[in-house]
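S.K.: What follows is start.cif, mmCIF, C-alpha atoms.
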```
data_input
loop_
_atom_site.group_PDB
_atom_site.id
_atom_site.type_symbol
_atom_site.label_atom_id
_atom_site.label_comp_id
_atom_site.auth_asym_id
_atom_site.auth_seq_id
_atom_site.Cartn_x
_atom_site.Cartn_y
_atom_site.Cartn_z
ATOM 1 C CA MET A 96 0.000 0.000 0.000
ATOM 2 C CA ILE A 97 2.771 2.466 0.933
ATOM 3 C CA ILE A 98 4.689 1.608 -2.247
ATOM 4 C CA ARG A 99 1.548 2.344 -4.291
ATOM 5 C CA ILE A 100 1.091 5.723 -2.556
ATOM 6 C CA ILE A 101 4.760 6.613 -3.159
ATOM 7 C CA GLY A 102 4.365 5.623 -6.831
ATOM 8 C CA VAL A 103 1.311 7.830 -7.245
ATOM 9 C CA LEU A 104 3.076 10.739 -5.542
ATOM 10 C CA CYS A 105 6.150 10.334 -7.783
ATOM 11 C CA LEU A 106 3.998 10.201 -10.914
ATOM 12 C CA SER A 107 2.073 13.279 -9.792
ATOM 13 C CA PHE A 108 5.316 15.152 -9.179
ATOM 14 C CA LEU A 109 6.665 14.228 -12.614
ATOM 15 C CA LEU A 110 3.479 15.383 -14.322
ATOM 16 C CA LEU A 111 3.493 18.681 -12.448
ATOM 17 C CA ALA A 112 7.204 19.301 -12.982
ATOM 18 C CA SER A 113 7.241 18.607 -16.705
ATOM 19 C CA PRO A 114 6.625 21.547 -19.051
ATOM 20 C CA PRO A 115 3.307 21.683 -20.879
ATOM 21 C CA THR A 116 3.454 20.469 -24.436
ATOM 22 C CA THR A 117 1.274 21.091 -27.380
ATOM 23 C CA GLY A 118 1.001 18.285 -29.844
ATOM 24 C CA GLY A 119 -0.683 19.865 -32.784
ATOM 25 C CA GLU A 120 0.028 18.990 -36.340
ATOM 26 C CA VAL A 121 -1.256 21.404 -38.942
ATOM 27 C CA TYR A 122 -2.369 20.038 -42.280
ATOM 28 C CA LYS A 123 -3.277 21.516 -45.646
ATOM 29 C CA TRP A 124 -5.922 19.993 -47.917
ATOM 30 C CA VAL A 125 -8.359 20.968 -50.659
ATOM 31 C CA ASP A 126 -12.055 20.593 -49.820
ATOM 32 C CA SER A 127 -14.829 19.452 -52.177
ATOM 33 C CA SER A 128 -15.402 23.015 -53.424
ATOM 34 C CA GLY A 129 -11.730 23.458 -54.353
ATOM 35 C CA THR A 130 -10.864 25.703 -51.398
ATOM 36 C CA THR A 131 -7.477 25.209 -49.727
ATOM 37 C CA VAL A 132 -8.039 24.558 -46.028
ATOM 38 C CA TYR A 133 -5.588 24.519 -43.101
ATOM 39 C CA GLY A 134 -6.347 22.853 -39.806
ATOM 40 C CA SER A 135 -5.585 20.182 -37.266
ATOM 41 C CA LYS A 136 -8.601 17.933 -38.005
ATOM 42 C CA PRO A 137 -8.742 17.037 -41.696
ATOM 43 C CA PRO A 138 -11.507 14.890 -43.178
ATOM 44 C CA LYS A 139 -10.737 11.146 -43.340
ATOM 45 C CA ASN A 140 -10.284 10.830 -47.110
ATOM 46 C CA ALA A 141 -8.414 14.083 -47.763
ATOM 47 C CA ARG A 142 -5.018 14.117 -49.481
ATOM 48 C CA LEU A 143 -2.936 15.841 -46.828
ATOM 49 C CA GLN A 144 0.192 17.902 -46.746
ATOM 50 C CA GLU A 145 1.648 18.381 -43.261
ATOM 51 C CA ILE A 146 2.701 21.985 -42.625
ATOM 52 C CA LYS A 147 6.026 22.566 -40.911
ATOM 53 C CA GLY A 148 6.958 26.008 -39.693
ATOM 54 C CA ASN A 149 8.099 28.284 -36.918
ATOM 55 C CA ILE A 150 4.767 29.797 -35.919
ATOM 56 C CA THR A 151 3.749 28.881 -32.399
ATOM 57 C CA SER A 152 1.097 29.919 -29.948
ATOM 58 C CA PHE A 153 2.412 32.232 -27.256
ATOM 59 C CA THR A 154 2.589 30.610 -23.829
ATOM 60 C CA SER A 155 3.036 33.928 -22.027
ATOM 61 C CA VAL A 156 1.672 37.353 -22.808
ATOM 62 C CA SER A 157 3.670 40.501 -23.467
ATOM 63 C CA VAL A 158 2.485 43.984 -24.327
ATOM 64 C CA GLU A 159 4.528 46.660 -26.043
ATOM 65 C CA SER A 160 4.059 49.892 -27.942
ATOM 66 C CA PHE A 161 4.570 49.914 -31.685
ATOM 67 C CA LYS A 162 4.459 52.349 -34.566
ATOM 68 C CA TYR A 163 2.233 51.812 -37.590
ATOM 69 C CA ASP A 164 3.827 51.131 -40.946
ATOM 70 C CA SER A 165 1.821 52.806 -43.699
ATOM 71 C CA ASN A 166 2.019 49.629 -45.807
ATOM 72 C CA LEU A 167 0.203 47.426 -43.292
ATOM 73 C CA ILE A 168 -3.449 46.512 -43.738
ATOM 74 C CA THR A 169 -3.897 47.509 -40.112
ATOM 75 C CA THR A 170 -2.803 51.130 -40.561
ATOM 76 C CA HIS A 171 -6.162 52.870 -40.506
ATOM 77 C CA LYS A 172 -8.281 50.114 -39.043
ATOM 78 C CA ALA A 173 -6.541 49.661 -35.676
ATOM 79 C CA LYS A 174 -6.632 53.319 -34.592
ATOM 80 C CA GLY A 175 -8.634 54.100 -31.501
ATOM 81 C CA LYS A 176 -10.468 51.188 -29.925
ATOM 82 C CA SER A 177 -10.693 48.774 -32.838
ATOM 83 C CA VAL A 178 -8.750 45.551 -32.599
ATOM 84 C CA ILE A 179 -6.708 43.624 -35.176
ATOM 85 C CA MET A 180 -5.694 40.017 -34.581
ATOM 86 C CA TYR A 181 -3.213 37.993 -36.625
ATOM 87 C CA SER A 182 -4.049 34.341 -36.098
ATOM 88 C CA THR A 183 -4.046 30.804 -37.460
ATOM 89 C CA SER A 184 -6.957 28.374 -37.655
ATOM 90 C CA TRP A 185 -5.311 25.873 -35.287
ATOM 91 C CA CYS A 186 -4.409 28.314 -32.477
ATOM 92 C CA GLY A 187 -6.426 27.769 -29.289
ATOM 93 C CA TYR A 188 -5.436 31.159 -27.844
ATOM 94 C CA CYS A 189 -6.629 32.837 -31.058
ATOM 95 C CA LYS A 190 -10.020 31.146 -30.686
ATOM 96 C CA LYS A 191 -10.178 32.149 -27.020
ATOM 97 C CA ALA A 192 -9.420 35.781 -27.933
ATOM 98 C CA ALA A 193 -12.050 35.830 -30.698
ATOM 99 C CA ARG A 194 -14.689 34.402 -28.310
ATOM 100 C CA HIS A 195 -13.774 37.064 -25.727
ATOM 101 C CA PHE A 196 -14.133 39.837 -28.311
ATOM 102 C CA GLN A 197 -17.494 38.484 -29.515
ATOM 103 C CA ARG A 198 -18.918 37.982 -26.003
ATOM 104 C CA ASN A 199 -17.959 41.548 -25.063
ATOM 105 C CA ASN A 200 -19.117 43.157 -28.348
ATOM 106 C CA ILE A 201 -15.585 44.303 -29.162
ATOM 107 C CA PRO A 202 -15.211 45.037 -32.882
ATOM 108 C CA PHE A 203 -12.204 43.242 -34.328
ATOM 109 C CA GLU A 204 -10.702 42.156 -37.598
ATOM 110 C CA GLU A 205 -8.943 38.824 -37.825
ATOM 111 C CA TYR A 206 -6.304 37.949 -40.402
ATOM 112 C CA ASP A 207 -5.190 34.334 -40.794
ATOM 113 C CA ILE A 208 -1.491 34.450 -41.614
ATOM 114 C CA GLU A 209 -1.590 31.000 -43.229
ATOM 115 C CA LYS A 210 -4.518 31.735 -45.531
ATOM 116 C CA SER A 211 -3.744 35.313 -46.614
ATOM 117 C CA LYS A 212 -0.474 36.266 -48.309
ATOM 118 C CA LYS A 213 -1.043 39.928 -47.412
ATOM 119 C CA ALA A 214 -1.639 39.052 -43.749
ATOM 120 C CA ALA A 215 1.519 36.895 -43.763
ATOM 121 C CA ARG A 216 3.574 39.779 -45.208
ATOM 122 C CA ASP A 217 2.161 42.234 -42.649
ATOM 123 C CA TYR A 218 2.784 39.753 -39.822
ATOM 124 C CA LYS A 219 6.383 39.454 -40.982
ATOM 125 C CA LYS A 220 6.747 43.272 -41.085
ATOM 126 C CA LEU A 221 5.526 43.307 -37.489
ATOM 127 C CA ASN A 222 8.276 40.760 -36.659
ATOM 128 C CA GLY A 223 5.624 38.274 -35.605
ATOM 129 C CA ARG A 224 6.975 35.254 -33.767
ATOM 130 C CA GLY A 225 3.776 33.592 -32.591
ATOM 131 C CA VAL A 226 0.015 33.866 -32.568
ATOM 132 C CA PRO A 227 -2.158 35.521 -31.641
ATOM 133 C CA LEU A 228 -0.597 38.888 -32.341
ATOM 134 C CA ILE A 229 -3.175 41.508 -31.337
ATOM 135 C CA LEU A 230 -3.049 45.242 -32.106
ATOM 136 C CA ILE A 231 -5.058 47.653 -29.962
ATOM 137 C CA GLY A 232 -4.489 51.289 -30.899
ATOM 138 C CA ASN A 233 -0.725 51.773 -30.550
ATOM 139 C CA LYS A 234 -0.269 48.680 -28.344
ATOM 140 C CA ARG A 235 0.743 45.228 -29.447
ATOM 141 C CA MET A 236 -0.173 42.140 -27.429
ATOM 142 C CA ASN A 237 1.783 38.960 -28.110
ATOM 143 C CA GLY A 238 -0.456 36.139 -26.880
ATOM 144 C CA PHE A 239 -3.768 36.593 -25.124
ATOM 145 C CA SER A 240 -4.925 37.229 -21.588
ATOM 146 C CA ALA A 241 -8.483 38.495 -21.153
ATOM 147 C CA ARG A 242 -7.502 40.507 -18.063
ATOM 148 C CA GLN A 243 -4.529 42.191 -19.756
ATOM 149 C CA PHE A 244 -6.473 42.770 -22.955
ATOM 150 C CA ASP A 245 -9.385 44.398 -21.107
ATOM 151 C CA ARG A 246 -7.017 46.700 -19.219
ATOM 152 C CA ILE A 247 -5.339 47.864 -22.436
ATOM 153 C CA TYR A 248 -8.574 48.090 -24.423
ATOM 154 C CA ASN A 249 -10.369 50.106 -21.738
ATOM 155 C CA SER A 250 -7.451 52.533 -21.401
ATOM 156 C CA SER A 251 -7.022 53.134 -25.168
ATOM 157 C CA THR A 252 -8.496 56.258 -26.696
#
```
How does this structure look as structure tokens?
M.R.:
Amino acid sequence: MIIRIIGVLCLSFLLLASPPTTGGEVYKWVDSSGTTVYGSKPPKNARLQEIKGNITSFTSVSVESFKYDSNLITTHKAKGKSVIMYSTSWCGYCKKAARHFQRNNIPFEEYDIEKSKKAARDYKKLNGRGVPLILIGNKRMNGFSARQFDRIYNSST
């Protein structure tokens, strides 16, 4: 009995001490209407291409000021209180952010950097390193935290 308890405690410690991992493959396929689709859950009979890349979901959130580049699609749209989010279809934090915006009636524009060449170029100009990348006025949030977002959004003019 004591050996079993020690085993359970050791296993619990190992699970708590190990870093969280995300095991998400991203695939590309063409649907029945001829549209190229990216995602983590392709249909069973799809011809798949696995996507390899350096885009990750942020595991911690940072906020910084940034200056608009006149060539970005976000230049005029993200002024004031509107919100721009660069995302991917497989990013859980991106989905969480979008749900938060919708539930709180926050107007936002979302650009999928894997589906739009223009969004990918703008993301690169912003030195994007992960998703979501959220622009609020002259602030840039790397990752998503509802509490931090609300504080920034409510203080923007």
S.K.: Please, what distance in Å, to one decimal, runs between CA of Arg224 (chain A) and CA of Ser184 (chain A)?
M.R.: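 Between these atoms lies a distance of 16.0 Å.
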S.K.: Measuring atom to atom with all atoms listed in the file, identify which of A:Ala241, A:Met236, A:Leu221, A:Val226 is nearest to Cys189 (chain A).
M.R.: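 Using all atoms listed in the file, Cys189 (chain A) sits closest to A:Val226.
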S.K.: Quick one, how far is CA of Glu204 (chain A) from CA of Pro138 (chain A)?
M.R.: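 If I compute the distance from CA of Glu204 (chain A) to CA of Pro138 (chain A), I get 27.8 Å.
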S.K.: Calculate how many Å separate CA of Lys219 (chain A) from CA of Gln243 (chain A), rounding to one decimal.
M.R.: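 Pair CA of Lys219 (chain A) / CA of Gln243 (chain A) returns 24.0 Å.
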S.K.: When the PyMOL selection byres ((chain A and resi 190) around 12) is applied to the file above, which residues end up in the set, as JSON, numbers by chain?
M.R.: {"A": [152, 180, 181, 182, 183, 184, 185, 186, 187, 188, 189, 191, 192, 193, 194, 195, 196, 197, 205, 207, 226, 227, 238, 239]}
S.K.: Name the closest residue to Ile231 (chain A) among the candidates A:Glu159, A:Asp217, A:Ile208, A:Asn199; distances are taken between atoms, counting only C-alpha atoms.
M.R.: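 Smallest separation from Ile231 (chain A) among the options: A:Glu159.
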S.K.: Which residues fall under the PyMOL selection byres ((chain A and resi 234) around 8) in this file, as a list in words?
M.R.: Val158, Glu159, Ser160, Phe161, Leu230, Ile231, Gly232, Asn233, Arg235, Met236 and Ile247 of chain A
